[in-house]
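coords_39.tsv (TSV, C-alpha atoms)
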```tsv
chain	number	residue	atom	x	y	z
A	620	MET	CA	-19.37	3.25	17.73
A	621	ASN	CA	-18.86	1.88	21.17
A	622	VAL	CA	-15.46	0.97	22.43
A	623	VAL	CA	-14.92	-0.30	25.92
A	624	PHE	CA	-11.28	0.15	26.75
A	625	ALA	CA	-9.86	-3.06	28.18
A	626	GLN	CA	-12.59	-3.38	30.78
A	627	GLN	CA	-11.79	-6.37	32.96
A	628	THR	CA	-10.79	-8.60	30.07
A	629	GLY	CA	-7.55	-6.79	29.20
A	630	MET	CA	-8.81	-6.62	25.61
A	631	ILE	CA	-10.59	-3.76	23.89
A	632	GLN	CA	-14.21	-4.79	23.35
A	633	GLY	CA	-16.21	-3.66	20.35
A	634	GLY	CA	-14.98	-1.14	17.83
A	635	GLU	CA	-16.31	-3.00	14.79
A	636	GLY	CA	-17.53	0.30	13.34
A	637	TYR	CA	-13.98	1.63	13.27
A	638	VAL	CA	-12.79	-1.52	11.53
A	639	VAL	CA	-15.49	-1.32	8.86
A	640	ALA	CA	-14.79	2.40	8.36
A	641	ALA	CA	-11.07	1.69	7.86
A	642	TYR	CA	-11.65	-0.99	5.21
A	643	VAL	CA	-14.37	1.00	3.41
A	644	LEU	CA	-12.10	4.06	3.29
A	645	THR	CA	-9.24	1.96	1.90
A	646	TRP	CA	-11.46	0.83	-0.96
A	647	LEU	CA	-12.82	4.33	-1.53
A	648	PHE	CA	-9.28	5.69	-1.81
A	649	PHE	CA	-8.10	3.00	-4.20
A	650	VAL	CA	-11.20	2.98	-6.39
A	651	GLY	CA	-11.35	6.77	-6.42
A	652	TYR	CA	-7.68	7.15	-7.34
A	653	ALA	CA	-7.93	4.44	-10.01
A	654	ALA	CA	-10.97	6.20	-11.49
A	655	SER	CA	-9.09	9.50	-11.56
A	656	LEU	CA	-6.19	7.83	-13.38
A	657	VAL	CA	-8.49	6.30	-15.98
A	658	THR	CA	-10.24	9.64	-16.52
A	659	ARG	CA	-6.98	11.55	-16.86
A	660	SER	CA	-5.57	8.92	-19.23
A	661	ARG	CA	-8.58	9.34	-21.52
A	662	GLU	CA	-8.27	13.12	-21.42
A	663	GLU	CA	-4.59	13.06	-22.33
A	664	ALA	CA	-4.86	10.37	-25.03
B	1191	MET	CA	-25.53	-23.70	6.03
B	1192	ALA	CA	-22.05	-24.32	7.29
B	1193	ASP	CA	-21.24	-23.57	10.89
B	1194	PRO	CA	-19.32	-20.33	11.27
B	1195	LEU	CA	-15.64	-20.77	11.62
B	1196	THR	CA	-13.99	-19.46	14.72
B	1197	PRO	CA	-10.51	-17.96	14.76
B	1198	SER	CA	-9.19	-21.02	16.51
B	1199	ASP	CA	-10.62	-23.28	13.78
B	1200	LEU	CA	-8.96	-21.15	11.18
B	1201	ALA	CA	-5.66	-20.85	12.95
B	1202	GLY	CA	-5.69	-24.59	13.45
B	1203	GLY	CA	-6.49	-25.15	9.80
B	1204	LEU	CA	-3.72	-22.91	8.63
B	1205	ALA	CA	-1.21	-24.33	11.03
B	1206	GLY	CA	-2.15	-27.89	10.10
B	1207	THR	CA	0.48	-29.75	8.19
B	1208	ASP	CA	-1.11	-33.15	8.20
B	1209	VAL	CA	-4.19	-32.82	6.05
B	1210	ALA	CA	-4.89	-32.44	2.38
B	1211	LEU	CA	-6.51	-29.37	0.82
B	1212	HIS	CA	-9.97	-30.86	1.26
B	1213	ASP	CA	-11.63	-34.22	1.67
B	1214	ALA	CA	-12.20	-36.10	-1.55
B	1215	GLY	CA	-15.96	-36.42	-2.02
B	1216	ASN	CA	-16.67	-33.64	0.40
B	1217	VAL	CA	-15.75	-30.70	-1.77
B	1218	GLY	CA	-19.15	-29.04	-1.57
B	1219	ALA	CA	-18.96	-28.96	2.18
B	1220	GLY	CA	-15.45	-27.62	2.12
B	1221	LEU	CA	-16.22	-24.78	4.48
B	1222	ARG	CA	-17.93	-26.93	7.08
B	1223	ARG	CA	-16.32	-26.73	10.47
B	1224	GLY	CA	-13.38	-29.04	10.64
B	1225	ALA	CA	-13.75	-30.29	7.08
B	1226	TRP	CA	-11.53	-27.69	5.48
B	1227	ARG	CA	-7.88	-27.87	6.08
B	1228	CYS	CA	-5.06	-26.24	4.21
B	1229	ALA	CA	-2.12	-28.34	3.14
B	1230	ILE	CA	0.19	-25.32	3.19
B	1231	ASP	CA	0.32	-22.71	5.90
B	1232	GLY	CA	-0.44	-19.02	5.60
B	1233	LYS	CA	3.20	-17.98	5.49
B	1234	THR	CA	3.79	-20.16	2.45
B	1235	ILE	CA	0.67	-18.84	0.73
B	1236	THR	CA	1.87	-15.28	1.36
B	1237	ALA	CA	5.36	-16.07	0.10
B	1238	ILE	CA	3.98	-17.64	-3.09
B	1239	ALA	CA	1.58	-14.71	-3.62
B	1240	GLY	CA	4.44	-12.24	-3.33
B	1241	LEU	CA	6.92	-14.20	-5.40
B	1242	LEU	CA	4.43	-14.60	-8.25
B	1243	GLY	CA	3.97	-10.85	-8.49
B	1244	LEU	CA	7.67	-10.11	-8.11
B	1245	ALA	CA	8.56	-12.71	-10.75
B	1246	TYR	CA	6.14	-11.03	-13.17
B	1247	LEU	CA	7.71	-7.65	-12.40
B	1248	VAL	CA	11.23	-8.98	-13.02
B	1249	ALA	CA	10.15	-10.68	-16.24
B	1250	MET	CA	8.53	-7.49	-17.54
B	1251	ALA	CA	11.22	-5.06	-16.38
B	1252	VAL	CA	13.63	-5.13	-19.34
B	1253	PRO	CA	11.06	-5.32	-22.17
B	1254	ALA	CA	8.98	-2.60	-20.47
B	1255	ILE	CA	11.98	-0.26	-20.22
B	1256	ARG	CA	12.78	-0.94	-23.88
B	1257	ARG	CA	9.10	-0.39	-24.68
B	1258	ALA	CA	9.11	-3.69	-26.54
B	1259	LEU	CA	5.83	-4.99	-25.17
B	1260	PRO	CA	2.70	-5.06	-27.35
B	1261	PHE	CA	0.46	-4.61	-24.30
B	1262	LYS	CA	0.28	-2.48	-21.15
B	1263	TRP	CA	2.37	-4.63	-18.82
B	1264	GLU	CA	0.93	-3.10	-15.66
B	1265	HIS	CA	-2.64	-4.28	-16.20
B	1266	PRO	CA	-2.11	-7.98	-15.34
B	1267	LEU	CA	-0.20	-6.91	-12.21
B	1268	GLY	CA	-2.97	-4.47	-11.25
B	1269	ALA	CA	-5.60	-7.20	-11.68
B	1270	TYR	CA	-3.47	-9.51	-9.56
B	1271	GLY	CA	-3.09	-6.82	-6.89
B	1272	LEU	CA	-6.86	-6.31	-6.88
B	1273	LEU	CA	-7.40	-10.03	-6.42
B	1274	LEU	CA	-4.94	-10.04	-3.52
B	1275	LEU	CA	-6.63	-6.99	-1.99
B	1276	ILE	CA	-10.07	-8.63	-2.10
B	1277	SER	CA	-8.81	-11.88	-0.59
B	1278	GLY	CA	-6.45	-10.09	1.82
B	1279	ASN	CA	-9.19	-7.82	3.14
B	1280	TYR	CA	-11.42	-10.85	3.59
B	1281	LEU	CA	-8.62	-12.54	5.54
B	1282	GLY	CA	-8.08	-9.44	7.66
B	1283	LEU	CA	-11.76	-8.92	8.41
B	1284	PHE	CA	-13.02	-12.47	8.89
B	1285	TYR	CA	-10.17	-14.92	8.92
B	1286	ALA	CA	-7.38	-13.65	11.13
B	1287	PRO	CA	-7.99	-13.89	14.86
B	1288	GLY	CA	-8.44	-10.70	16.90
B	1289	GLU	CA	-5.33	-9.19	18.43
B	1290	LEU	CA	-4.55	-10.09	22.05
B	1291	PHE	CA	-5.11	-6.60	23.51
B	1292	MET	CA	-6.87	-4.72	20.73
B	1293	GLY	CA	-9.41	-7.38	19.84
B	1294	ASP	CA	-11.20	-6.70	16.56
B	1295	VAL	CA	-9.77	-3.18	16.40
B	1296	GLY	CA	-6.43	-4.85	15.62
B	1297	ARG	CA	-7.86	-5.79	12.21
B	1298	ILE	CA	-7.30	-2.18	11.15
B	1299	LEU	CA	-3.56	-2.93	11.20
B	1300	HIS	CA	-3.97	-5.29	8.24
B	1301	VAL	CA	-4.56	-2.19	6.07
B	1302	HIS	CA	-2.90	0.51	8.18
B	1303	VAL	CA	0.58	-1.06	8.28
B	1304	PRO	CA	0.69	-1.88	4.52
B	1305	ALA	CA	-0.42	1.70	3.80
B	1306	ALA	CA	2.46	2.98	5.96
B	1307	TRP	CA	5.08	0.77	4.31
B	1308	ILE	CA	3.87	1.47	0.78
B	1309	ALA	CA	3.62	5.23	1.41
B	1310	MET	CA	7.23	5.27	2.61
B	1311	LEU	CA	8.34	3.10	-0.32
B	1312	SER	CA	6.59	5.43	-2.77
B	1313	PHE	CA	8.31	8.47	-1.28
B	1314	MET	CA	11.69	6.71	-1.31
B	1315	LEU	CA	11.15	5.91	-4.99
B	1316	ALA	CA	10.15	9.53	-5.61
B	1317	GLY	CA	13.47	10.64	-4.10
B	1318	ILE	CA	15.43	8.12	-6.20
B	1319	PHE	CA	13.60	9.15	-9.38
B	1320	GLY	CA	14.11	12.82	-8.49
B	1321	PHE	CA	17.83	12.19	-8.09
B	1322	GLY	CA	17.83	10.34	-11.41
B	1323	SER	CA	16.12	13.29	-13.04
B	1324	LEU	CA	18.71	15.71	-11.66
B	1325	TRP	CA	21.57	13.42	-12.64
B	1326	THR	CA	20.48	12.59	-16.18
B	1327	SER	CA	18.05	15.42	-17.10
B	1328	ARG	CA	15.98	12.78	-18.85
B	1329	ARG	CA	12.24	13.21	-18.99
B	1330	GLY	CA	11.38	9.64	-18.02
B	1331	TRP	CA	12.91	10.09	-14.57
B	1332	ASP	CA	10.98	13.32	-14.05
B	1333	SER	CA	7.70	11.66	-15.02
B	1334	ALA	CA	8.47	8.75	-12.69
B	1335	MET	CA	9.17	11.17	-9.84
B	1336	GLU	CA	5.85	12.91	-10.41
B	1337	ALA	CA	4.05	9.56	-10.46
B	1338	ALA	CA	5.74	8.24	-7.31
B	1339	SER	CA	5.11	11.50	-5.43
B	1340	GLU	CA	1.41	11.52	-6.25
B	1341	VAL	CA	0.91	7.85	-5.39
B	1342	GLY	CA	2.85	8.40	-2.16
B	1343	VAL	CA	0.63	11.35	-1.24
B	1344	MET	CA	-2.46	9.24	-1.85
B	1345	GLU	CA	-1.10	6.38	0.26
B	1346	ALA	CA	0.12	8.68	3.05
B	1347	THR	CA	-3.23	10.46	3.23
B	1348	LEU	CA	-4.92	7.08	3.55
B	1349	LEU	CA	-2.31	6.11	6.15
B	1350	CYS	CA	-3.04	9.18	8.28
B	1351	ILE	CA	-6.81	8.63	8.14
B	1352	LEU	CA	-6.49	4.92	8.98
B	1353	GLY	CA	-4.07	5.82	11.78
B	1354	ALA	CA	-6.55	8.37	13.15
B	1355	ILE	CA	-9.32	5.77	13.16
B	1356	TRP	CA	-7.07	3.22	14.86
B	1357	GLY	CA	-5.82	5.86	17.34
B	1358	ARG	CA	-9.37	6.83	18.27
B	1359	ALA	CA	-10.28	3.21	18.89
B	1360	THR	CA	-7.16	2.34	20.90
B	1361	TRP	CA	-5.78	5.57	22.38
B	1362	GLY	CA	-9.06	7.46	22.59
B	1363	VAL	CA	-7.83	10.36	20.43
B	1364	TRP	CA	-7.94	10.99	16.67
B	1365	TRP	CA	-4.60	12.78	16.65
B	1366	THR	CA	-1.74	13.63	18.95
B	1367	TRP	CA	1.65	15.26	18.36
B	1368	ASP	CA	3.54	12.03	18.83
B	1369	PRO	CA	6.93	11.82	17.01
B	1370	ARG	CA	5.67	9.18	14.53
B	1371	LEU	CA	2.49	11.08	13.72
B	1372	THR	CA	4.30	14.40	13.44
B	1373	THR	CA	7.05	13.12	11.16
B	1374	THR	CA	4.45	11.33	9.03
B	1375	ALA	CA	2.49	14.57	8.68
B	1376	VAL	CA	5.69	16.43	7.72
B	1377	MET	CA	6.49	13.71	5.16
B	1378	LEU	CA	3.04	14.00	3.60
B	1379	ILE	CA	3.04	17.81	3.55
B	1380	SER	CA	6.56	17.87	2.03
B	1381	PHE	CA	5.46	15.82	-0.95
B	1382	VAL	CA	2.24	17.80	-1.32
B	1383	GLY	CA	4.65	20.73	-1.62
B	1384	VAL	CA	6.59	18.93	-4.35
B	1385	LEU	CA	3.37	18.42	-6.33
B	1386	LEU	CA	2.31	22.04	-5.79
B	1387	LEU	CA	5.72	23.20	-7.00
B	1388	ARG	CA	5.27	21.15	-10.16
B	1389	ALA	CA	1.83	22.66	-10.64
B	1390	VAL	CA	3.02	26.28	-10.52
B	1391	VAL	CA	6.28	26.07	-12.50
B	1392	THR	CA	5.45	26.12	-16.19
B	1393	ASP	CA	8.92	25.79	-17.73
B	1394	PRO	CA	9.56	22.02	-18.11
B	1395	ASP	CA	13.31	22.18	-17.46
B	1396	ARG	CA	12.99	24.34	-14.35
B	1397	ARG	CA	10.09	22.24	-13.12
B	1398	ALA	CA	12.13	19.07	-13.47
B	1399	SER	CA	15.20	20.43	-11.71
B	1400	TRP	CA	13.40	22.29	-8.92
B	1401	SER	CA	10.96	19.51	-8.11
B	1402	GLY	CA	13.75	16.93	-8.44
B	1403	ALA	CA	15.76	18.77	-5.79
B	1404	ALA	CA	12.65	19.23	-3.62
B	1405	SER	CA	11.80	15.53	-3.80
B	1406	VAL	CA	15.34	14.55	-2.77
B	1407	LEU	CA	15.12	16.96	0.18
B	1408	ALA	CA	11.66	15.68	1.17
B	1409	THR	CA	12.91	12.09	1.05
B	1410	VAL	CA	15.41	12.84	3.82
B	1411	ASN	CA	12.45	12.77	6.19
B	1412	VAL	CA	11.39	9.23	5.22
B	1413	PRO	CA	14.04	7.36	7.25
B	1414	ILE	CA	13.44	9.82	10.10
B	1415	THR	CA	9.74	8.89	10.00
B	1416	TYR	CA	10.65	5.22	9.97
B	1417	MET	CA	12.93	5.58	12.99
B	1418	SER	CA	10.62	7.92	14.92
B	1419	VAL	CA	8.76	5.11	16.70
B	1420	LYS	CA	11.91	4.46	18.70
B	1421	TRP	CA	11.61	7.87	20.32
B	1422	ALA	CA	9.38	8.48	23.31
B	1423	GLY	CA	5.78	8.88	22.32
B	1424	LEU	CA	2.34	7.35	22.32
B	1425	HIS	CA	2.91	5.23	19.21
B	1426	GLN	CA	4.09	1.73	19.95
B	1427	ALA	CA	7.68	0.67	19.32
B	1428	PRO	CA	8.37	-1.17	16.04
B	1429	SER	CA	6.75	-4.60	16.01
B	1430	GLU	CA	8.51	-5.70	12.85
B	1431	THR	CA	12.25	-5.39	12.36
B	1432	MET	CA	14.69	-7.14	10.06
B	1433	ASN	CA	15.68	-9.55	12.83
B	1434	ASN	CA	12.63	-9.90	15.02
B	1435	SER	CA	8.85	-9.77	15.11
B	1436	ALA	CA	6.51	-9.18	18.04
B	1437	ILE	CA	3.47	-10.17	15.97
B	1438	ASP	CA	1.96	-13.63	16.23
B	1439	ASP	CA	2.27	-15.65	13.03
B	1440	ALA	CA	-1.51	-16.04	12.78
B	1441	LEU	CA	-1.79	-12.26	12.29
B	1442	ARG	CA	1.55	-11.57	10.66
B	1443	TRP	CA	1.07	-13.44	7.41
B	1444	VAL	CA	-2.30	-11.75	6.79
B	1445	MET	CA	-0.64	-8.36	7.20
B	1446	TYR	CA	2.09	-9.32	4.72
B	1447	TYR	CA	-0.50	-10.75	2.32
B	1448	ASN	CA	-2.25	-7.37	2.30
B	1449	THR	CA	1.12	-5.67	1.88
B	1450	TRP	CA	1.68	-7.56	-1.37
B	1451	ALA	CA	-1.74	-6.36	-2.54
B	1452	PHE	CA	-0.85	-2.76	-1.69
B	1453	LEU	CA	2.55	-3.13	-3.38
B	1454	PHE	CA	1.26	-4.49	-6.68
B	1455	LEU	CA	-1.53	-1.92	-6.78
B	1456	MET	CA	1.07	0.76	-6.08
B	1457	VAL	CA	3.03	-0.40	-9.13
B	1458	TRP	CA	-0.14	-0.25	-11.23
B	1459	PHE	CA	-0.97	3.24	-9.94
B	1460	MET	CA	2.57	4.47	-10.60
B	1461	ALA	CA	2.76	2.98	-14.07
B	1462	ARG	CA	-0.57	4.51	-15.07
B	1463	ARG	CA	0.37	7.87	-13.58
B	1464	TRP	CA	3.77	7.73	-15.30
B	1465	ARG	CA	2.06	7.25	-18.67
B	1466	ILE	CA	-0.13	10.30	-18.01
B	1467	ALA	CA	2.95	12.37	-17.10
B	1468	GLU	CA	4.70	11.22	-20.28
B	1469	LEU	CA	1.70	12.17	-22.45
B	1470	ARG	CA	1.58	15.61	-20.83
B	1471	ALA	CA	5.31	16.10	-21.30
B	1472	GLU	CA	5.05	15.15	-24.98
B	1473	ALA	CA	2.24	17.66	-25.42
B	1474	GLU	CA	4.45	20.37	-23.90
B	1475	VAL	CA	7.27	19.87	-26.40
B	1476	PRO	CA	6.90	22.55	-29.09
B	1477	ASP	CA	6.34	21.43	-32.65
B	1478	ALA	CA	9.50	20.91	-34.66
B	1479	LEU	CA	10.53	23.80	-36.89
B	1480	PRO	CA	9.83	23.25	-40.58
B	1481	GLU	CA	12.66	21.96	-42.70
B	1482	ILE	CA	14.62	24.61	-44.61
B	1483	GLY	CA	13.39	24.74	-48.15
B	1484	ALA	CA	10.24	22.83	-47.37
```
Go ahead and render the structure in this file as structure tokens.
Amino acid sequence: MNVVFAQQTGMIQGGEGYVVAAYVLTWLFFVGYAASLVTRSREEA
Amino acid sequence: MADPLTPSDLAGGLAGTDVALHDAGNVGAGLRRGAWRCAIDGKTITAIAGLLGLAYLVAMAVPAIRRALPFKWEHPLGAYGLLLLISGNYLGLFYAPGELFMGDVGRILHVHVPAAWIAMLSFMLAGIFGFGSLWTSRRGWDSAMEAASEVGVMEATLLCILGAIWGRATWGVWWTWDPRLTTTAVMLISFVGVLLLRAVVTDPDRRASWSGAASVLATVNVPITYMSVKWAGLHQAPSETMNNSAIDDALRWVMYYNTWAFLFLMVWFMARRWRIAELRAEAEVPDALPEIGA
């Protein structure tokens, strides 16, 4: 994951890998937690 | 194949107030450059998206509390939140323009900021429910406190990981002992402690009172965490306040759109977790003694 910090342009260049990682992790957290809730609901019912 | 849209096309389309939703007779090519225009701007779309969910919540509130609904009221809201999350993430990744200084890395803020707000909201609710449990000694409050604490821990963990990713991309470090980061870590660890306390105390009454008091104490740190960005540190000063915003409208509405998604999913998570806590509490209640003479 290459990030060039504000080189000449005044704007960080690159960093797409970090962005993808952030969104993928968000989905993993939400899907994982939802799955755990469904599993626990079935166990308790 | 339609030409790819550039951020300026999209910003122009969203800001446009003069054109209809799409050209009549040109529906199939709706995504072609310049053909698609939105009759309402992004702020209005976000406001409508939020109000729809809030209106559903208000409509369901009283019958849900009275348990007078023949269906699980949270499922439609969860499905709606999921729909908003899919579309909101698409907007954040592909639709919103890059941030002025952060470029594409700024897109992380469309999930990082909602995670921060919703984590703090969950912990505030946990404190309120904990206080309600202490005040009334009713089981429903205790179950709600457990649910809000767990959802808050999940959201705050996500928040810290997203913040670390964003920090690495912008500051060059995964973590630093900045006031905002430190108070956030303390907030998260405090509520992990509340959940651990609940796990080790077996007596239901003691568990409710001890963890209720602990959740109220842990909640004291939430406003401190919120205010901590005003203290000297690496984290930027607040961009959004009640009276002012430093965020361009083209980015701001996408962030709020994702916040609605996080909020409605939070409600679904809490409602589901509350039902689990209620089932567990019912299972803990000893069987009634047999009737005399039975």
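One distance worth recording is that between atom CA of B:His1425 and atom CA of B:Asp1368, which is 6.8 Å.
You can rank B:Asp1439, B:Glu1430, B:Glu1264, B:Asp1393 by their closest distance to B:Met1460 using all atoms listed in the file, and at the top of that list sits B:Glu1264.
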Could you work out which residues of chain A fall inside 7 Å of chain B? Count only C-alpha atoms, and format the result as a PDB file with C-alpha atoms, keeping the file's coordinate frame.
```pdb
ATOM      1  CA  VAL A 622     -15.460   0.970  22.430  1.00  0.00           C
ATOM      2  CA  GLY A 629      -7.550  -6.790  29.200  1.00  0.00           C
ATOM      3  CA  MET A 630      -8.810  -6.620  25.610  1.00  0.00           C
ATOM      4  CA  ILE A 631     -10.590  -3.760  23.890  1.00  0.00           C
ATOM      5  CA  GLN A 632     -14.210  -4.790  23.350  1.00  0.00           C
ATOM      6  CA  GLY A 633     -16.210  -3.660  20.350  1.00  0.00           C
ATOM      7  CA  GLY A 634     -14.980  -1.140  17.830  1.00  0.00           C
ATOM      8  CA  GLU A 635     -16.310  -3.000  14.790  1.00  0.00           C
ATOM      9  CA  TYR A 637     -13.980   1.630  13.270  1.00  0.00           C
ATOM     10  CA  VAL A 638     -12.790  -1.520  11.530  1.00  0.00           C
ATOM     11  CA  ALA A 641     -11.070   1.690   7.860  1.00  0.00           C
ATOM     12  CA  THR A 645      -9.240   1.960   1.900  1.00  0.00           C
ATOM     13  CA  LEU A 656      -6.190   7.830 -13.380  1.00  0.00           C
ATOM     14  CA  SER A 660      -5.570   8.920 -19.230  1.00  0.00           C
ATOM     15  CA  GLU A 663      -4.590  13.060 -22.330  1.00  0.00           C
TER      16      GLU A 663
END
```
Distance in Å - atom CA of B:Glu1336 versus atom CA of B:Met1314
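Separation between atom CA of B:Glu1336 and atom CA of B:Met1314: 12.5 Å.
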May I ask for the distance between atom CA of B:Ser1405 and atom CA of B:Ser1327, given in Å to one decimal place?
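Straight-line distance from atom CA of B:Ser1405 to atom CA of B:Ser1327 works out to 14.7 Å.
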Need to verify the contact set: B:Ile1414, 12 Å, all atoms listed in the file, exclusion of same-chain residues closer than 6 positions in sequence. Can you return it as a list in words?
Met1310, Met1314, Pro1369, Arg1370, Leu1371, Thr1372, Thr1373, Thr1374, Val1376, Met1377, Ala1408, Lys1420 and Trp1421 of chain B
Find the residues around B:Thr1236 up to 9 Å (only C-alpha atoms counted), leave out those fewer than 5 positions away in its own chain, and share them as a ChimeraX atom specification.
/B:1231,1241,1443-1444,1446-1448,1450
Could stretch 637-663 of chain A be completed with N, CA and C atoms and returned as a JSON list (two decimals), in the coordinates of the input?
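Generated output (out_2.json):
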```json
[["chain", "number", "residue", "atom", "x", "y", "z"],
["A", 637, "TYR", "N", -15.27, 1.06, 13.69],
["A", 637, "TYR", "CA", -13.98, 1.63, 13.27],
["A", 637, "TYR", "C", -13.30, 0.73, 12.24],
["A", 638, "VAL", "N", -13.41, -0.57, 12.45],
["A", 638, "VAL", "CA", -12.79, -1.52, 11.53],
["A", 638, "VAL", "C", -13.44, -1.42, 10.15],
["A", 639, "VAL", "N", -14.77, -1.41, 10.13],
["A", 639, "VAL", "CA", -15.49, -1.32, 8.86],
["A", 639, "VAL", "C", -15.15, 0.00, 8.17],
["A", 640, "ALA", "N", -15.12, 1.08, 8.95],
["A", 640, "ALA", "CA", -14.79, 2.40, 8.36],
["A", 640, "ALA", "C", -13.41, 2.37, 7.73],
["A", 641, "ALA", "N", -12.44, 1.73, 8.38],
["A", 641, "ALA", "CA", -11.07, 1.69, 7.86],
["A", 641, "ALA", "C", -11.03, 0.94, 6.52],
["A", 642, "TYR", "N", -11.69, -0.20, 6.45],
["A", 642, "TYR", "CA", -11.65, -0.99, 5.21],
["A", 642, "TYR", "C", -12.43, -0.30, 4.09],
["A", 643, "VAL", "N", -13.58, 0.29, 4.44],
["A", 643, "VAL", "CA", -14.37, 1.00, 3.41],
["A", 643, "VAL", "C", -13.56, 2.18, 2.86],
["A", 644, "LEU", "N", -12.90, 2.92, 3.75],
["A", 644, "LEU", "CA", -12.10, 4.06, 3.29],
["A", 644, "LEU", "C", -10.94, 3.61, 2.40],
["A", 645, "THR", "N", -10.33, 2.49, 2.74],
["A", 645, "THR", "CA", -9.24, 1.96, 1.90],
["A", 645, "THR", "C", -9.75, 1.74, 0.47],
["A", 646, "TRP", "N", -10.90, 1.10, 0.37],
["A", 646, "TRP", "CA", -11.46, 0.83, -0.96],
["A", 646, "TRP", "C", -11.87, 2.12, -1.66],
["A", 647, "LEU", "N", -12.43, 3.05, -0.91],
["A", 647, "LEU", "CA", -12.82, 4.33, -1.53],
["A", 647, "LEU", "C", -11.60, 5.05, -2.09],
["A", 648, "PHE", "N", -10.51, 5.05, -1.34],
["A", 648, "PHE", "CA", -9.28, 5.69, -1.81],
["A", 648, "PHE", "C", -8.78, 5.02, -3.09],
["A", 649, "PHE", "N", -8.68, 3.71, -3.05],
["A", 649, "PHE", "CA", -8.10, 3.00, -4.20],
["A", 649, "PHE", "C", -8.99, 3.10, -5.43],
["A", 650, "VAL", "N", -10.29, 2.91, -5.24],
["A", 650, "VAL", "CA", -11.20, 2.98, -6.39],
["A", 650, "VAL", "C", -11.25, 4.41, -6.91],
["A", 651, "GLY", "N", -11.31, 5.38, -6.01],
["A", 651, "GLY", "CA", -11.35, 6.77, -6.42],
["A", 651, "GLY", "C", -10.10, 7.18, -7.17],
["A", 652, "TYR", "N", -8.94, 6.77, -6.67],
["A", 652, "TYR", "CA", -7.68, 7.15, -7.34],
["A", 652, "TYR", "C", -7.56, 6.44, -8.70],
["A", 653, "ALA", "N", -7.96, 5.17, -8.74],
["A", 653, "ALA", "CA", -7.93, 4.44, -10.01],
["A", 653, "ALA", "C", -8.85, 5.11, -11.03],
["A", 654, "ALA", "N", -10.02, 5.53, -10.58],
["A", 654, "ALA", "CA", -10.97, 6.20, -11.49],
["A", 654, "ALA", "C", -10.38, 7.50, -12.00],
["A", 655, "SER", "N", -9.69, 8.24, -11.13],
["A", 655, "SER", "CA", -9.09, 9.50, -11.56],
["A", 655, "SER", "C", -7.98, 9.25, -12.59],
["A", 656, "LEU", "N", -7.24, 8.17, -12.41],
["A", 656, "LEU", "CA", -6.19, 7.83, -13.38],
["A", 656, "LEU", "C", -6.78, 7.48, -14.74],
["A", 657, "VAL", "N", -7.85, 6.69, -14.72],
["A", 657, "VAL", "CA", -8.49, 6.30, -15.98],
["A", 657, "VAL", "C", -9.03, 7.54, -16.69],
["A", 658, "THR", "N", -9.67, 8.42, -15.93],
["A", 658, "THR", "CA", -10.24, 9.64, -16.52],
["A", 658, "THR", "C", -9.14, 10.51, -17.12],
["A", 659, "ARG", "N", -8.06, 10.70, -16.37],
["A", 659, "ARG", "CA", -6.98, 11.55, -16.86],
["A", 659, "ARG", "C", -6.29, 10.93, -18.08],
["A", 660, "SER", "N", -6.17, 9.60, -18.07],
["A", 660, "SER", "CA", -5.57, 8.92, -19.23],
["A", 660, "SER", "C", -6.38, 9.17, -20.49],
["A", 661, "ARG", "N", -7.70, 9.12, -20.36],
["A", 661, "ARG", "CA", -8.58, 9.34, -21.52],
["A", 661, "ARG", "C", -8.49, 10.78, -22.00],
["A", 662, "GLU", "N", -8.37, 11.70, -21.04],
["A", 662, "GLU", "CA", -8.27, 13.12, -21.42],
["A", 662, "GLU", "C", -6.97, 13.41, -22.17],
["A", 663, "GLU", "N", -5.90, 12.77, -21.74],
["A", 663, "GLU", "CA", -4.59, 13.06, -22.33],
["A", 663, "GLU", "C", -4.40, 12.33, -23.66]]
```
